[in-house]
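Remarks on the structure that follows.
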Amino acid sequence: MSDLAALNNSLMTLDELLRAVDGSLIGESFDCTSFSFTNVVTDSRNVTDRSLFVPLIGEFQDGHKYIPGAIEKGASVVFAARSSFDENPDGYIELCNKHPDTAFILVLNTLTALQKAAEAYVAKFPDLIRVSVTGSSGKTTTKEICASVLGQKYKLVCNKGNLNSETGLPLSCFEIRSGDELALLEMGMNRVNEIGELAQTFKPQYGVITNIGTAHIGMLGSRQKIAEEKKKIFNFLEKDGTAVIPASDDFADFLAEGVKGRIVYYGKDVKNNGIEFVSDDGIDGTTFKVDGVTVHLSIPGVYNYLNALAAVELGRALGLDAAQIKKGIEDVKPLSGRSHILKGKYTVLEDCYNANPDSMEKAVEFAGSVKISGKKIFVLGSMLELGEESCEAHKKAGLEAVKGGADMIVFVGKEMLAGYEAAKNCGQGTENLRLEYFENHSDEDMKAVCKVITDFALPGDFILLKASHGIALDRLVPLLNGGGKA
């Protein structure tokens, strides 16, 4: 790419970026007329030609030490925190002189600068429709269903995977390009006001909340606090915007308070909205009607049916008809690790990308409802990041698993010891129930877990895998089924 072409393709001009981040250039050697960047990264391993590299300072790592390597890989713009510069100003000046083609921009805080830069970048697309999804559980699946639905009418861009955090969402903002009509960005949180910051960055005009549960309750303290944070997704809705809220959630009224835009409730029990439940098809999903048009959702579980209903209402709010909504929902395929049915020697429900008390309860409840002729085996791994609530939450999970009608329950992880002991000591309903516990979850432990299961199971049996991502229960899938997929 020529210098002129690169300049013309730059995501922002130098003046735009400096104003957005309240920054200043370090050194005097940089030629401002050659300024350009075409992508933004926070991981130096992902730097490509003409990247803006944003080094972040974490609890255990300081990204500033990777600046030289990022420049060698092609970074054309680099942020530097004032604290890092003050520790070694001569080193930075020397680096600037050595790399006169790289713009070094001094900022107070690199994370804040990333968010402010993304906010200014989004503002460059005034006609872009901005949509966000959040919730304690189900938000990534809901986002994917919404993306499939909205993609029937709009040219859209959305987060890749679950890039929904204080860094992931700003990076996703920089994926917007001229010609995109709609941006759909998921918002996650694990601290106070993270949703507020993300809403400030993206300013969604349409917002969806999946539920108010207990994910990250150890960090925020209560469901009330979680609801207060989640509703910040609606902070920038205007009168022509729409808030999509779960009707059956006990915080529904609270979430609606103060919303400037239109409020739409969704759920199984919402009347006169043109949606008719037809059948729960077990592991094959759910069938329902939208304005008389029959729709089949292939992702199993009532909770995923609710996610689809949120997408229906969002689609309607954005002008899609029933035929477009049907096509979008029926095009959706389960994400690996999220309510993913795999058929091979055994039927496996792989739902181990994430876990919290709400999603654990829903997964166990669904697994208990599955109608099969063979046995049911639940493999339940630890739920992480629950803080002081952890012990009680795992005890409850153990008791719910016993009530779920399994023939065997395998508990994995140190936190799940509480679940195992609760199940073992509850007495009623455990006479013919086999219980196993594995404290650790190394590769060797996974082989041992697999052996316990395969010694007990017969072809055609149903196996639920549910745990937080850190337990990596997905390693059982190839061991159990040889990688076979539905």
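All residue names refer to the structure tokens as shown: chains lettered A, B, ... in order, residues numbered from 1 in each chain, ligands numbered from 1 in order.
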Legend entry - stretch 160-342 of chain A: residues DSSP assigns to helix (DSSP H, G or I), reported as a count of residues only: 64
Legend entry - Within 9 Å of A:Ala457 using only C-alpha atoms, minus same-chain residues under 6 positions, as a list in words: Tyr346, Gly374, Lys375, Lys376 and Ile377 of chain A
Save the residues we just selected, N, CA, C and O atoms, as a compact mmCIF listing (two decimals), in the first residue's frame?
```
# COMPACT_ATOMS: atom_id res chain seq x y z
N TYR A 346 -22.33 -41.42 22.22
CA TYR A 346 -23.24 -40.87 23.22
C TYR A 346 -23.81 -39.56 22.69
O TYR A 346 -23.21 -38.92 21.83
N GLY A 374 -32.10 -44.38 27.37
CA GLY A 374 -30.91 -44.80 28.11
C GLY A 374 -30.71 -44.03 29.40
O GLY A 374 -31.63 -43.43 29.96
N LYS A 375 -29.48 -44.06 29.89
CA LYS A 375 -29.14 -43.40 31.15
C LYS A 375 -28.74 -41.94 30.92
O LYS A 375 -28.38 -41.55 29.81
N LYS A 376 -28.78 -41.17 32.02
CA LYS A 376 -28.33 -39.78 31.99
C LYS A 376 -27.15 -39.61 32.94
O LYS A 376 -27.19 -40.08 34.08
N ILE A 377 -26.14 -38.92 32.43
CA ILE A 377 -24.93 -38.67 33.21
C ILE A 377 -24.66 -37.18 33.20
O ILE A 377 -24.56 -36.56 32.14
```
Legend entry - Neighbour list for stretch 100-105 of chain A as a list of chain:residue names, cut-off 8 Å, only C-alpha atoms, skip fewer than 5 positions in-chain: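 My reading of the contact set: A:Leu18, A:Gly23, A:Ser24, A:Leu25, A:Ile26, A:Gly27, A:Ser29, A:Phe30, A:Asp31, A:Ser34, A:Phe35, A:Ile71, A:Ala75, A:Ser76, A:Val77, A:Val78, A:Phe79, A:Ala80.
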Near stretch 127-143 of chain A, 6 Å: stretch 158-212 of chain A residue rows, closest pairs, only C-alpha atoms, as JSON lines:
```
{"residue": "A:Glu181", "atom": "CA", "partner": "A:Leu128", "partner_atom": "CA", "distance": 5.3}
{"residue": "A:Leu182", "atom": "CA", "partner": "A:Ile129", "partner_atom": "CA", "distance": 4.5}
{"residue": "A:Ala183", "atom": "CA", "partner": "A:Arg130", "partner_atom": "CA", "distance": 5.1}
{"residue": "A:Leu184", "atom": "CA", "partner": "A:Val131", "partner_atom": "CA", "distance": 4.7}
{"residue": "A:Leu185", "atom": "CA", "partner": "A:Ser132", "partner_atom": "CA", "distance": 4.9}
{"residue": "A:Glu186", "atom": "CA", "partner": "A:Val133", "partner_atom": "CA", "distance": 4.7}
{"residue": "A:Met187", "atom": "CA", "partner": "A:Thr134", "partner_atom": "CA", "distance": 5.1}
{"residue": "A:Pro204", "atom": "CA", "partner": "A:Arg130", "partner_atom": "CA", "distance": 4.7}
{"residue": "A:Gln205", "atom": "CA", "partner": "A:Arg130", "partner_atom": "CA", "distance": 5.4}
{"residue": "A:Tyr206", "atom": "CA", "partner": "A:Val131", "partner_atom": "CA", "distance": 4.7}
{"residue": "A:Gly207", "atom": "CA", "partner": "A:Ser132", "partner_atom": "CA", "distance": 4.9}
{"residue": "A:Val208", "atom": "CA", "partner": "A:Val133", "partner_atom": "CA", "distance": 4.6}
{"residue": "A:Ile209", "atom": "CA", "partner": "A:Thr134", "partner_atom": "CA", "distance": 5.0}
{"residue": "A:Thr210", "atom": "CA", "partner": "A:Gly135", "partner_atom": "CA", "distance": 4.7}
{"residue": "A:Asn211", "atom": "CA", "partner": "A:Gly135", "partner_atom": "CA", "distance": 5.1}
{"residue": "A:Ile212", "atom": "CA", "partner": "A:Ser136", "partner_atom": "CA", "distance": 5.5}
```
Inset, instruction - Pick out the residues sitting within 10 Å of A:Thr13, and hand them over as a PyMOL selection string; count only C-alpha atoms, and ignore anything fewer than 6 positions along from it in its own chain. - result: chain A and resi 7+32-33+35-37
Give me a file of those residues, with N, CA, C and O atoms, as a tab-separated table (two decimals), in the first residue's frame.
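The resulting again28.tsv:
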```tsv
chain	number	residue	atom	x	y	z
A	7	LEU	N	-2.69	6.57	4.17
A	7	LEU	CA	-3.23	7.75	4.85
A	7	LEU	C	-4.73	7.85	4.63
A	7	LEU	O	-5.49	8.14	5.55
A	32	CYS	N	4.09	14.06	10.71
A	32	CYS	CA	2.64	13.98	10.90
A	32	CYS	C	1.89	13.68	9.61
A	32	CYS	O	0.78	13.14	9.64
A	33	THR	N	2.46	14.03	8.47
A	33	THR	CA	1.76	13.81	7.20
A	33	THR	C	1.67	12.33	6.83
A	33	THR	O	0.90	11.96	5.96
A	35	PHE	N	0.87	9.92	9.06
A	35	PHE	CA	0.10	9.23	10.11
A	35	PHE	C	-1.02	8.39	9.51
A	35	PHE	O	-1.81	8.86	8.70
A	36	SER	N	-1.11	7.14	9.96
A	36	SER	CA	-2.26	6.28	9.61
A	36	SER	C	-2.22	5.01	10.45
A	36	SER	O	-1.15	4.55	10.85
A	37	PHE	N	-3.41	4.47	10.72
A	37	PHE	CA	-3.52	3.13	11.29
A	37	PHE	C	-4.81	2.51	10.77
A	37	PHE	O	-5.81	3.19	10.56
```
Inset, instruction - Pick out the residues sitting within 10 Å of A:Phe411, and hand them over as number ranges by chain; count only C-alpha atoms, and ignore anything fewer than 4 positions along from it in its own chain. - result: A: 378-382, 398, 415-421, 423, 435-439, 449, 466-467
Inset, instruction - Would you please give, as a VMD selection string, all residues of stretch 62-267 of chain A that DSSP assigns to strand (DSSP E) based on the backbone? - result: chain A and resid 75 to 81 103 to 107 129 to 134 156 to 158 182 to 186 206 to 209 242 to 246 262 to 266
Legend entry - Near-A:Val40 list (8 Å; only C-alpha atoms; drop same-chain fewer than 2 positions) as a ChimeraX atom specification: /A:37-38,42,51-54,171,174
Inset, instruction - Considering only C-alpha atoms, state which residue in the set A:Gly387, A:Gly404, A:Pro246, A:Gly470 is at the smallest distance from A:Tyr353. - result: A:Gly470
Inset, instruction - Extract, using only C-alpha atoms, all DNA, RNA and protein residues at most 9 Å from A:Ser373, discarding same-chain residues fewer than 2 positions from it, and format them as a list of chain:residue names. - result: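 So the residues in contact are A:Lys371, A:Lys375, A:Gly460, A:Asp461.
Taking atom CA of A:Phe288 and atom CA of A:Thr242 as the two end points, the separation is 23.6 Å.
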Inset, instruction - Would you work out the distance separating atom CA of A:Met383 from atom CA of A:Asp455, expressed in Å to one decimal? - result: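 Straight-line distance from atom CA of A:Met383 to atom CA of A:Asp455 works out to 26.3 Å.
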Inset, instruction - Kindly indicate which residue among A:Lys289, A:His340, A:Pro68, A:Asn193 lies nearest to A:Cys352, using only C-alpha atoms for the distances. - result: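 Ranked by minimum distance to A:Cys352, first place goes to A:His340.
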Inset, instruction - Identify which of the residues A:Lys153, A:Lys225, A:Lys116, A:Arg19 lies closest to A:Gly328, counting only C-alpha atoms when measuring atom-to-atom distances. - result: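 Looking only at the distances to A:Gly328, the closest residue turns out to be A:Lys153.
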